[in-house]
$ cat start_7.txt   # compact mmCIF, C-alpha atoms and all ligand atoms
# COMPACT_ATOMS: atom_id res chain seq x y z
CA MET O 1 -45.32 27.75 32.76
CA THR O 2 -43.50 24.64 34.01
CA ASP O 3 -44.12 23.27 37.49
CA GLN O 4 -40.72 24.59 38.48
CA ASP O 5 -41.60 28.14 37.28
CA LYS O 6 -44.82 27.98 39.31
CA ASN O 7 -42.88 27.06 42.42
CA ILE O 8 -40.45 29.93 41.92
CA SER O 9 -43.22 32.49 41.47
CA PHE O 10 -45.04 31.06 44.50
CA LEU O 11 -41.87 31.32 46.60
CA SER O 12 -41.21 34.92 45.53
CA ASP O 13 -44.60 35.88 47.00
CA ILE O 14 -43.56 34.75 50.47
CA PRO O 15 -42.22 37.69 52.48
CA ALA O 16 -38.65 37.20 53.73
CA PRO O 17 -38.63 36.36 57.46
CA LYS O 18 -38.30 39.55 59.52
CA MET O 19 -34.79 39.98 60.85
CA THR O 20 -34.43 40.51 64.58
CA ARG O 21 -33.31 44.09 65.11
CA ILE O 22 -30.64 44.28 67.79
CA ALA O 23 -29.96 47.75 69.18
CA VAL O 24 -26.33 47.87 70.25
CA PHE O 25 -26.02 50.13 73.30
CA GLY O 26 -22.39 50.95 74.06
CA GLY O 27 -21.18 53.08 76.94
CA THR O 28 -19.10 53.22 80.06
CA PHE O 29 -22.06 52.35 82.30
CA ASP O 30 -20.16 53.53 85.36
CA PRO O 31 -22.68 52.72 86.74
CA VAL O 32 -25.73 51.72 84.64
CA HIS O 33 -28.72 53.84 85.70
CA ASN O 34 -32.46 54.16 85.10
CA GLY O 35 -31.87 56.56 82.18
CA HIS O 36 -30.06 53.83 80.26
CA LEU O 37 -32.76 51.26 81.06
CA SER O 38 -35.65 53.62 80.33
CA LEU O 39 -34.15 54.50 76.97
CA ALA O 40 -33.77 50.81 76.12
CA SER O 41 -37.41 50.15 77.12
CA ALA O 42 -38.64 53.18 75.14
CA LEU O 43 -36.85 51.85 72.08
CA LEU O 44 -38.73 48.56 72.27
CA GLU O 45 -42.04 50.32 72.97
CA ALA O 46 -41.52 52.59 69.94
CA ASP O 47 -40.85 49.44 67.86
CA ARG O 48 -37.41 50.74 66.91
CA ALA O 49 -35.72 47.47 67.97
CA ASP O 50 -36.57 43.93 69.11
CA GLU O 51 -33.69 43.46 71.54
CA VAL O 52 -31.11 45.66 73.22
CA LEU O 53 -27.52 44.52 73.69
CA PHE O 54 -25.60 46.52 76.29
CA ILE O 55 -21.85 46.63 75.71
CA PRO O 56 -19.78 48.15 78.50
CA ALA O 57 -16.52 49.61 77.21
CA GLY O 58 -13.24 48.09 78.37
CA ARG O 59 -10.97 51.09 78.13
CA PRO O 60 -13.10 53.81 76.53
CA PRO O 61 -11.14 55.90 74.01
CA HIS O 62 -13.08 59.09 74.88
CA LYS O 63 -13.24 58.60 78.67
CA THR O 64 -9.93 57.84 80.28
CA GLN O 65 -10.45 59.57 83.64
CA GLY O 66 -12.86 59.37 86.52
CA THR O 67 -13.89 55.73 86.11
CA HIS O 68 -14.16 54.26 89.55
CA ALA O 69 -15.64 50.84 89.09
CA THR O 70 -13.56 48.18 87.36
CA PRO O 71 -14.74 46.90 83.96
CA GLU O 72 -15.76 43.64 85.68
CA GLN O 73 -17.85 45.52 88.25
CA ARG O 74 -19.55 47.58 85.52
CA LEU O 75 -20.34 44.32 83.74
CA GLU O 76 -21.73 42.76 86.92
CA MET O 77 -23.93 45.79 87.59
CA LEU O 78 -25.32 45.63 84.06
CA ASN O 79 -26.13 41.96 84.49
CA LEU O 80 -27.97 42.74 87.72
CA ALA O 81 -29.85 45.60 86.03
CA ILE O 82 -31.19 43.52 83.15
CA GLU O 83 -31.92 40.24 84.93
CA HIS O 84 -35.72 40.65 84.69
CA HIS O 85 -35.78 41.99 81.12
CA ASP O 86 -36.08 39.21 78.53
CA ALA O 87 -35.30 41.49 75.58
CA PHE O 88 -32.12 42.89 77.14
CA ALA O 89 -28.69 41.24 77.11
CA VAL O 90 -25.14 42.21 78.05
CA SER O 91 -22.00 41.43 76.07
CA ASP O 92 -18.50 41.30 77.57
CA ILE O 93 -16.88 41.61 74.13
CA GLU O 94 -15.20 44.95 74.90
CA VAL O 95 -14.34 44.22 78.52
CA MET O 96 -12.56 41.04 77.41
CA ARG O 97 -10.46 43.01 74.93
CA GLN O 98 -8.15 43.88 77.81
CA GLY O 99 -5.67 46.68 77.28
CA GLU O 100 -6.89 47.59 73.78
CA PRO O 101 -9.06 50.60 73.00
CA SER O 102 -12.72 49.72 72.33
CA TYR O 103 -13.50 51.07 68.89
CA THR O 104 -17.15 50.84 67.91
CA ILE O 105 -16.43 49.71 64.37
CA ASP O 106 -14.33 46.75 65.56
CA THR O 107 -17.07 45.71 67.95
CA LEU O 108 -19.79 45.95 65.29
CA ILE O 109 -17.76 43.92 62.79
CA VAL O 110 -17.39 41.12 65.35
CA LEU O 111 -21.09 41.32 66.29
CA ALA O 112 -22.09 41.13 62.61
CA GLU O 113 -20.17 37.83 62.41
CA ILE O 114 -21.77 36.52 65.60
CA TYR O 115 -25.31 37.53 64.56
CA PRO O 116 -25.37 37.15 60.74
CA ASP O 117 -29.17 36.83 60.66
CA CYS O 118 -29.88 39.94 62.72
CA GLN O 119 -30.00 43.58 61.81
CA LEU O 120 -27.61 45.53 64.03
CA GLN O 121 -28.46 49.13 64.88
CA PHE O 122 -25.98 51.20 66.81
CA LEU O 123 -27.55 53.50 69.40
CA LEU O 124 -26.05 56.94 69.35
CA GLY O 125 -26.90 59.90 71.59
CA MET O 126 -27.41 63.27 69.89
CA ASP O 127 -24.37 64.57 71.84
CA SER O 128 -22.23 61.84 70.30
CA LEU O 129 -23.59 62.59 66.82
CA LEU O 130 -22.00 66.04 67.09
CA GLU O 131 -18.62 64.41 67.82
CA LEU O 132 -18.95 61.43 65.50
CA HIS O 133 -16.52 62.83 62.90
CA LYS O 134 -13.71 62.23 65.45
CA TRP O 135 -14.47 58.51 65.77
CA HIS O 136 -12.14 55.82 64.44
CA ARG O 137 -12.90 54.92 60.77
CA VAL O 138 -16.11 56.90 60.90
CA GLY O 139 -16.70 56.69 57.13
CA ASP O 140 -16.72 52.88 57.21
CA LEU O 141 -18.77 52.87 60.38
CA VAL O 142 -21.60 54.95 58.93
CA ARG O 143 -21.52 53.19 55.55
CA ARG O 144 -21.64 49.68 56.95
CA PHE O 145 -24.00 49.97 59.90
CA ASP O 146 -27.42 51.30 60.79
CA PHE O 147 -28.01 53.79 63.58
CA VAL O 148 -30.73 54.98 65.91
CA VAL O 149 -29.91 58.49 67.12
CA PHE O 150 -31.71 59.37 70.34
CA PRO O 151 -32.34 62.82 71.82
CA ARG O 152 -30.21 64.14 74.71
CA PRO O 153 -31.38 66.91 77.04
CA GLY O 154 -30.47 70.34 75.71
CA VAL O 155 -28.73 69.01 72.58
CA ARG O 156 -30.20 70.14 69.26
CA PRO O 157 -29.78 68.04 66.12
CA PRO O 158 -27.11 69.39 63.76
CA THR O 159 -28.24 70.81 60.42
CA GLN O 160 -27.71 68.64 57.38
CA SER O 161 -25.11 71.06 56.00
CA ASP O 162 -23.14 71.08 59.29
CA LEU O 163 -23.09 67.31 59.42
CA ALA O 164 -22.33 66.99 55.70
CA GLY O 165 -19.36 69.33 56.16
CA LYS O 166 -17.93 66.89 58.71
CA LEU O 167 -19.02 63.51 57.36
CA GLY O 168 -20.11 63.98 53.75
CA VAL O 169 -23.63 64.35 52.35
CA ARG O 170 -24.47 60.65 52.15
CA SER O 171 -23.57 59.95 55.78
CA ALA O 172 -25.29 63.13 56.94
CA VAL O 173 -28.55 62.14 55.25
CA LYS O 174 -28.36 58.58 56.60
CA LEU O 175 -27.69 59.76 60.16
CA LEU O 176 -30.37 62.45 60.17
CA ASP O 177 -32.87 59.91 58.84
CA SER O 178 -31.95 57.76 61.85
CA VAL O 179 -32.92 60.35 64.46
CA ALA O 180 -35.70 58.96 66.67
CA THR O 181 -37.33 62.21 67.76
CA GLU O 182 -40.18 60.32 69.44
CA LEU O 183 -37.91 58.89 72.16
CA PRO O 184 -38.15 60.75 75.47
CA VAL O 185 -35.15 62.06 77.43
CA PHE O 186 -34.38 60.86 80.94
CA PRO O 187 -32.58 63.37 83.14
CA VAL O 188 -30.08 61.19 85.02
CA SER O 189 -26.39 60.48 84.45
CA SER O 190 -23.68 58.25 85.85
CA THR O 191 -21.84 61.44 86.89
CA GLU O 192 -24.83 62.38 89.06
CA VAL O 193 -24.96 58.88 90.59
CA ARG O 194 -21.24 58.98 91.43
CA ALA O 195 -21.57 62.49 92.88
CA ARG O 196 -24.45 61.33 95.10
CA CYS O 197 -22.34 58.41 96.34
CA VAL O 198 -19.47 60.76 97.26
CA LYS O 199 -21.95 62.79 99.34
CA GLY O 200 -23.43 59.64 100.91
CA LEU O 201 -26.87 60.27 99.35
CA LEU O 202 -29.30 57.50 98.36
CA ILE O 203 -29.25 56.43 94.71
CA ASP O 204 -32.32 54.19 94.64
CA GLU O 205 -34.26 56.67 92.48
CA GLN O 206 -31.42 56.83 89.94
CA CYS O 207 -30.43 53.13 89.75
CA PRO O 208 -32.27 49.79 89.80
CA VAL O 209 -32.44 48.39 93.35
CA PRO O 210 -29.92 45.51 92.85
CA VAL O 211 -27.42 47.97 91.35
CA ALA O 212 -27.87 50.45 94.21
CA GLN O 213 -27.34 47.57 96.68
CA TYR O 214 -24.22 46.37 94.83
CA ILE O 215 -22.73 49.88 94.97
CA GLU O 216 -23.61 50.26 98.64
CA GLU O 217 -22.22 46.85 99.67
CA ARG O 218 -18.87 47.47 97.96
CA GLY O 219 -18.61 51.14 98.89
CA LEU O 220 -18.13 52.10 95.23
CA TYR O 221 -17.76 55.73 94.12
CA LYS O 222 -17.06 57.00 97.63
CA ALA O 223 -13.93 58.95 96.68
CA PRO O 224 -14.35 62.06 94.51
CA ALA O 225 -13.32 61.81 90.80
P1 LIG B 1 -21.26 59.93 82.53
O1 LIG B 1 -22.17 60.81 83.35
O2 LIG B 1 -20.20 59.22 83.30
O3 LIG B 1 -20.73 60.66 81.31
P2 LIG B 1 -23.55 58.69 81.27
O4 LIG B 1 -24.64 58.74 82.27
O5 LIG B 1 -23.60 59.68 80.14
O6 LIG B 1 -22.14 58.73 81.98
P3 LIG B 1 -22.55 56.58 79.65
O7 LIG B 1 -22.16 55.24 80.16
O8 LIG B 1 -21.47 57.49 79.26
O9 LIG B 1 -23.52 57.23 80.75
O10 LIG B 1 -23.59 56.46 78.51
C1 LIG B 1 -23.78 55.37 77.68
C2 LIG B 1 -24.79 55.78 76.66
O11 LIG B 1 -26.01 56.08 77.34
C3 LIG B 1 -24.41 57.04 75.89
O12 LIG B 1 -24.81 56.84 74.54
C4 LIG B 1 -25.25 58.12 76.52
O13 LIG B 1 -25.58 59.13 75.58
C5 LIG B 1 -26.47 57.35 76.97
N1 LIG B 1 -27.11 57.93 78.14
C6 LIG B 1 -26.55 58.33 79.27
N2 LIG B 1 -27.45 58.82 80.13
C7 LIG B 1 -28.64 58.72 79.52
C8 LIG B 1 -29.98 59.08 79.87
N3 LIG B 1 -30.28 59.65 81.03
N4 LIG B 1 -30.95 58.84 78.99
C9 LIG B 1 -30.66 58.28 77.79
N5 LIG B 1 -29.43 57.93 77.40
C10 LIG B 1 -28.43 58.15 78.24

$ encode --input "start_7.txt" --output "structure tokens" --more "lines below"
Ligand code: ATP
Amino acid sequence: MTDQDKNISFLSDIPAPKMTRIAVFGGTFDPVHNGHLSLASALLEADRADEVLFIPAGRPPHKTQGTHATPEQRLEMLNLAIEHHDAFAVSDIEVMRQGEPSYTIDTLIVLAEIYPDCQLQFLLGMDSLLELHKWHRVGDLVRRFDFVVFPRPGVRPPTQSDLAGKLGVRSAVKLLDSVATELPVFPVSSTEVRARCVKGLLIDEQCPVPVAQYIEERGLYKAPA
């Protein structure tokens, strides 16, 4: 064995550096609440991800009504919510794409270019898994990216044959392997927060304090949807 061969075999014994796993958490976040933050924390505690990147949607393709805060306000509230969490970050990538629909695949392709040395994992609620076949370029999306599917209250996982009927066997297997059954569910929603604001009720149990203050100071969500 030459000296060069020895070096090569020595190098092949060194494990590749572990890639940082970034969980990409998309949503309307109108407003961000403790359910979102608790899920993100549970993900880190379960060692499913190293960092969580929150991405508020600009103009969500599935939710075109009932949004009362502007995209900029939703972004500001997210920044307030994560300010004491070192492993959380917020991206304005979709909010800045003014006027265009925010398709997940487009966002992930851009993020993959921005973070070439990280492993991106898209966070998907079990409710969204049932609707995933309607998403833009879903075949590409599932082929190219990794997922963590988290439980949602009252939503049962689809069977493999149901999912395969909609997305094909390969995607169905990949997605069902990505279900993180160990993650808890947190019974709070942005709809509930907005409804409480309409009624003039406190929201400091549902939202982080700076977010509740922001909403209060600006009188957000006072008018019914
Ligand atoms: P809305 O009530 O307006 O539909 P939401 O509370 O479901 O809003 P979204 O901004 O639509 O919040 O959700 C963003 C992501 O967070 C989605 O993937 C959704 O499944 C997830 N999510 C929402 N609420 C919770 C919760 N309580 N626990 C865990 N995940 C949640």

$ residues_around --input "start_7.txt" --residues "Lys166 in chain O" --least-positions-apart "5" --cutoff "10 Å" --atoms "all atoms listed in the file" --output "PyMOL selection string"
chain O and resi 130-134+161+171-172

$ closest_atom_pairs --input "start_7.txt" --of "chain O" --to "ligand LIG 1 (chain B)" --cutoff "9 Å" --atoms "all atoms listed in the file" --output "tab-separated table"
residue	atom	partner	partner_atom	distance
O:Phe25	CA	B:LIG1	C2	6.7
O:Gly26	CA	B:LIG1	C1	5.9
O:Gly27	CA	B:LIG1	C1	3.5
O:Thr28	CA	B:LIG1	O7	3.7
O:Phe29	CA	B:LIG1	O7	3.6
O:Asp30	CA	B:LIG1	O7	5.8
O:Pro31	CA	B:LIG1	O7	7.1
O:Val32	CA	B:LIG1	O7	6.7
O:His33	CA	B:LIG1	O4	7.2
O:Asn34	CA	B:LIG1	N3	7.2
O:Gly35	CA	B:LIG1	N3	3.7
O:His36	CA	B:LIG1	N5	5.0
O:Leu37	CA	B:LIG1	C9	8.0
O:Ser38	CA	B:LIG1	N4	7.2
O:Leu39	CA	B:LIG1	C9	5.2
O:Ala40	CA	B:LIG1	C9	8.3
O:Pro56	CA	B:LIG1	O7	7.7
O:Ala57	CA	B:LIG1	O7	8.5
O:Lys63	CA	B:LIG1	O3	8.2
O:Gly66	CA	B:LIG1	O2	8.0
O:Thr67	CA	B:LIG1	O2	7.7
O:Leu123	CA	B:LIG1	O12	6.7
O:Leu124	CA	B:LIG1	O12	5.3
O:Gly125	CA	B:LIG1	O13	4.3
O:Met126	CA	B:LIG1	O13	7.3
O:Asp127	CA	B:LIG1	O13	6.7
O:Ser128	CA	B:LIG1	O13	6.8
O:Phe150	CA	B:LIG1	N5	7.6
O:Pro151	CA	B:LIG1	C9	7.7
O:Arg152	CA	B:LIG1	C9	6.6
O:Pro153	CA	B:LIG1	N4	8.3
O:Pro184	CA	B:LIG1	C9	8.2
O:Val185	CA	B:LIG1	N4	5.5
O:Phe186	CA	B:LIG1	N3	4.3
O:Pro187	CA	B:LIG1	N3	4.9
O:Val188	CA	B:LIG1	N3	4.3
O:Ser189	CA	B:LIG1	O4	3.3
O:Ser190	CA	B:LIG1	O4	3.7
O:Thr191	CA	B:LIG1	O1	3.6
O:Glu192	CA	B:LIG1	O1	6.5
O:Val193	CA	B:LIG1	O1	8.0
O:Arg194	CA	B:LIG1	O2	8.2

$ write_last_selection --input "start_7.txt" --atoms "C-alpha atoms" --output "short mmCIF file (atom, residue, chain, number, x, y, z; two decimals), keeping the file's coordinate frame"
data_model
loop_
_atom_site.label_atom_id
_atom_site.label_comp_id
_atom_site.auth_asym_id
_atom_site.auth_seq_id
_atom_site.Cartn_x
_atom_site.Cartn_y
_atom_site.Cartn_z
CA PHE O 25 -26.02 50.13 73.30
CA GLY O 26 -22.39 50.95 74.06
CA GLY O 27 -21.18 53.08 76.94
CA THR O 28 -19.10 53.22 80.06
CA PHE O 29 -22.06 52.35 82.30
CA ASP O 30 -20.16 53.53 85.36
CA PRO O 31 -22.68 52.72 86.74
CA VAL O 32 -25.73 51.72 84.64
CA HIS O 33 -28.72 53.84 85.70
CA ASN O 34 -32.46 54.16 85.10
CA GLY O 35 -31.87 56.56 82.18
CA HIS O 36 -30.06 53.83 80.26
CA LEU O 37 -32.76 51.26 81.06
CA SER O 38 -35.65 53.62 80.33
CA LEU O 39 -34.15 54.50 76.97
CA ALA O 40 -33.77 50.81 76.12
CA PRO O 56 -19.78 48.15 78.50
CA ALA O 57 -16.52 49.61 77.21
CA LYS O 63 -13.24 58.60 78.67
CA GLY O 66 -12.86 59.37 86.52
CA THR O 67 -13.89 55.73 86.11
CA LEU O 123 -27.55 53.50 69.40
CA LEU O 124 -26.05 56.94 69.35
CA GLY O 125 -26.90 59.90 71.59
CA MET O 126 -27.41 63.27 69.89
CA ASP O 127 -24.37 64.57 71.84
CA SER O 128 -22.23 61.84 70.30
CA PHE O 150 -31.71 59.37 70.34
CA PRO O 151 -32.34 62.82 71.82
CA ARG O 152 -30.21 64.14 74.71
CA PRO O 153 -31.38 66.91 77.04
CA PRO O 184 -38.15 60.75 75.47
CA VAL O 185 -35.15 62.06 77.43
CA PHE O 186 -34.38 60.86 80.94
CA PRO O 187 -32.58 63.37 83.14
CA VAL O 188 -30.08 61.19 85.02
CA SER O 189 -26.39 60.48 84.45
CA SER O 190 -23.68 58.25 85.85
CA THR O 191 -21.84 61.44 86.89
CA GLU O 192 -24.83 62.38 89.06
CA VAL O 193 -24.96 58.88 90.59
CA ARG O 194 -21.24 58.98 91.43
#

$ atom_distance --input "start_7.txt" --atom1 "CA of Arg156 in chain O" --atom2 "CA of Val173 in chain O"
16.2 Å

$ closest_residue --input "start_7.txt" --among "O:Arg21, O:Val179, O:Leu78, O:Ala49" --to "Tyr214 in chain O" --atoms "only C-alpha atoms"
O:Leu78

$ closest_residue --input "start_7.txt" --among "O:Ala223, O:Cys118, O:Val90, O:Ala180" --to "Met77 in chain O" --atoms "only C-alpha atoms"
O:Val90

$ residues_around --input "start_7.txt" --residues "Ala87 in chain O" --least-positions-apart "4" --cutoff "12 Å" --atoms "all atoms listed in the file" --output "list in words"
Thr20, Arg21, Ile22, Ala23, Leu37, Ala40, Ser41, Leu43, Leu44, Glu45, Ala49, Asp50, Glu51, Val52, Leu53, Phe54, Ile82 and Glu83 of chain O

$ residues_around --input "start_7.txt" --residues "Asp117 in chain O" --least-positions-apart "3" --cutoff "12 Å" --atoms "only C-alpha atoms" --output "MDAnalysis selection string"
chainID O and resid 16:22 111:114 120

$ residues_around --input "start_7.txt" --residues "Tyr221 in chain O" --least-positions-apart "5" --cutoff "7 Å" --atoms "all atoms listed in the file" --output "JSON, numbers by chain"
{"O": [68, 194, 197, 198]}

$ atom_distance --input "start_7.txt" --atom1 "CA of Ser102 in chain O" --atom2 "CA of Val149 in chain O"
20.0 Å

$ residues_around --input "start_7.txt" --residues "Gln213 in chain O" --least-positions-apart "2" --cutoff "12 Å" --atoms "all atoms listed in the file" --output "number ranges by chain"
O: 77, 80-81, 197, 202-204, 207-211, 215-220

$ closest_residue --input "start_7.txt" --among "O:Asp146, O:Glu76, O:Phe88, O:Arg196" --to "Lys222 in chain O" --atoms "all atoms listed in the file"
O:Arg196

$ atom_distance --input "start_7.txt" --atom1 "CA of Ala164 in chain O" --atom2 "CA of Ala46 in chain O"
27.9 Å

$ closest_residue --input "start_7.txt" --among "O:Leu183, O:Val148, O:Leu176, O:Val138" --to "Thr104 in chain O" --atoms "all atoms listed in the file"
O:Val138

$ axis_aligned_box --input "start_7.txt" --around "range 150-153 of chain O" --padding-each-side "3 Å" --output "AutoDock Vina command-line options"
--center_x -31.3 --center_y 63.1 --center_z 73.7 --size_x 8.1 --size_y 13.5 --size_z 12.7

$ decode --input "start_7.txt" --residues "range 38-120 of chain O" --atoms "C-alpha atoms" --output "short mmCIF file (atom, residue, chain, number, x, y, z; two decimals), in the first residue's frame"
data_model
loop_
_atom_site.label_atom_id
_atom_site.label_comp_id
_atom_site.auth_asym_id
_atom_site.auth_seq_id
_atom_site.Cartn_x
_atom_site.Cartn_y
_atom_site.Cartn_z
CA SER O 38 -44.46 24.17 21.55
CA LEU O 39 -44.39 21.99 18.45
CA ALA O 40 -41.09 23.55 17.38
CA SER O 41 -39.61 22.97 20.86
CA ALA O 42 -40.90 19.37 20.95
CA LEU O 43 -39.21 18.73 17.63
CA LEU O 44 -35.83 19.79 19.02
CA GLU O 45 -36.38 17.83 22.25
CA ALA O 46 -37.25 14.70 20.25
CA ASP O 47 -34.01 15.22 18.26
CA ARG O 48 -35.98 15.41 15.02
CA ALA O 49 -34.28 18.69 14.01
CA ASP O 50 -31.47 21.02 15.09
CA GLU O 51 -33.11 24.30 14.11
CA VAL O 52 -36.58 25.48 13.15
CA LEU O 53 -37.11 28.05 10.41
CA PHE O 54 -40.55 29.69 10.50
CA ILE O 55 -41.77 30.92 7.13
CA PRO O 56 -44.93 33.01 7.17
CA ALA O 57 -46.83 32.79 3.88
CA GLY O 58 -47.22 35.92 1.78
CA ARG O 59 -50.47 35.15 0.01
CA PRO O 60 -51.32 31.59 1.03
CA PRO O 61 -52.78 29.56 -1.86
CA HIS O 62 -55.10 27.58 0.47
CA LYS O 63 -56.15 30.46 2.74
CA THR O 64 -57.38 33.50 0.93
CA GLN O 65 -60.00 34.72 3.42
CA GLY O 66 -60.12 35.78 7.03
CA THR O 67 -56.52 36.99 7.35
CA HIS O 68 -56.58 40.10 9.44
CA ALA O 69 -52.99 40.95 10.11
CA THR O 70 -50.82 42.10 7.23
CA PRO O 71 -47.94 39.84 6.13
CA GLU O 72 -45.53 42.36 7.70
CA GLN O 73 -47.38 42.23 11.03
CA ARG O 74 -47.38 38.41 10.99
CA LEU O 75 -43.64 38.54 10.35
CA GLU O 76 -43.10 41.02 13.21
CA MET O 77 -45.12 38.86 15.62
CA LEU O 78 -43.05 35.81 14.70
CA ASN O 79 -39.85 37.73 15.32
CA LEU O 80 -41.14 38.77 18.74
CA ALA O 81 -42.16 35.18 19.51
CA ILE O 82 -38.77 33.64 18.78
CA GLU O 83 -36.47 36.35 20.15
CA HIS O 84 -35.33 34.24 23.13
CA HIS O 85 -34.98 30.95 21.23
CA ASP O 86 -31.49 30.48 19.76
CA ALA O 87 -32.50 27.51 17.60
CA PHE O 88 -35.47 29.30 16.02
CA ALA O 89 -35.32 31.72 13.09
CA VAL O 90 -37.82 33.47 10.82
CA SER O 91 -37.51 33.91 7.06
CA ASP O 92 -39.28 36.63 5.06
CA ILE O 93 -38.74 34.75 1.79
CA GLU O 94 -42.47 34.26 1.13
CA VAL O 95 -43.64 37.61 2.46
CA MET O 96 -41.17 39.35 0.13
CA ARG O 97 -42.59 37.47 -2.86
CA GLN O 98 -45.33 40.10 -3.01
CA GLY O 99 -48.37 39.32 -5.12
CA GLU O 100 -47.27 35.81 -6.07
CA PRO O 101 -48.68 32.64 -4.54
CA SER O 102 -46.34 30.99 -2.01
CA TYR O 103 -45.79 27.46 -3.26
CA THR O 104 -43.87 25.24 -0.88
CA ILE O 105 -41.75 23.66 -3.59
CA ASP O 106 -40.52 27.06 -4.84
CA THR O 107 -39.61 28.07 -1.30
CA LEU O 108 -37.75 24.82 -0.61
CA ILE O 109 -35.78 25.06 -3.86
CA VAL O 110 -34.60 28.56 -2.89
CA LEU O 111 -33.80 27.44 0.67
CA ALA O 112 -31.78 24.48 -0.65
CA GLU O 113 -29.64 26.99 -2.58
CA ILE O 114 -29.24 29.23 0.46
CA TYR O 115 -28.38 26.34 2.82
CA PRO O 116 -26.49 23.82 0.63
CA ASP O 117 -24.80 22.21 3.65
CA CYS O 118 -27.98 21.67 5.66
CA GLN O 119 -30.62 19.00 5.51
CA LEU O 120 -34.03 20.61 4.99
#
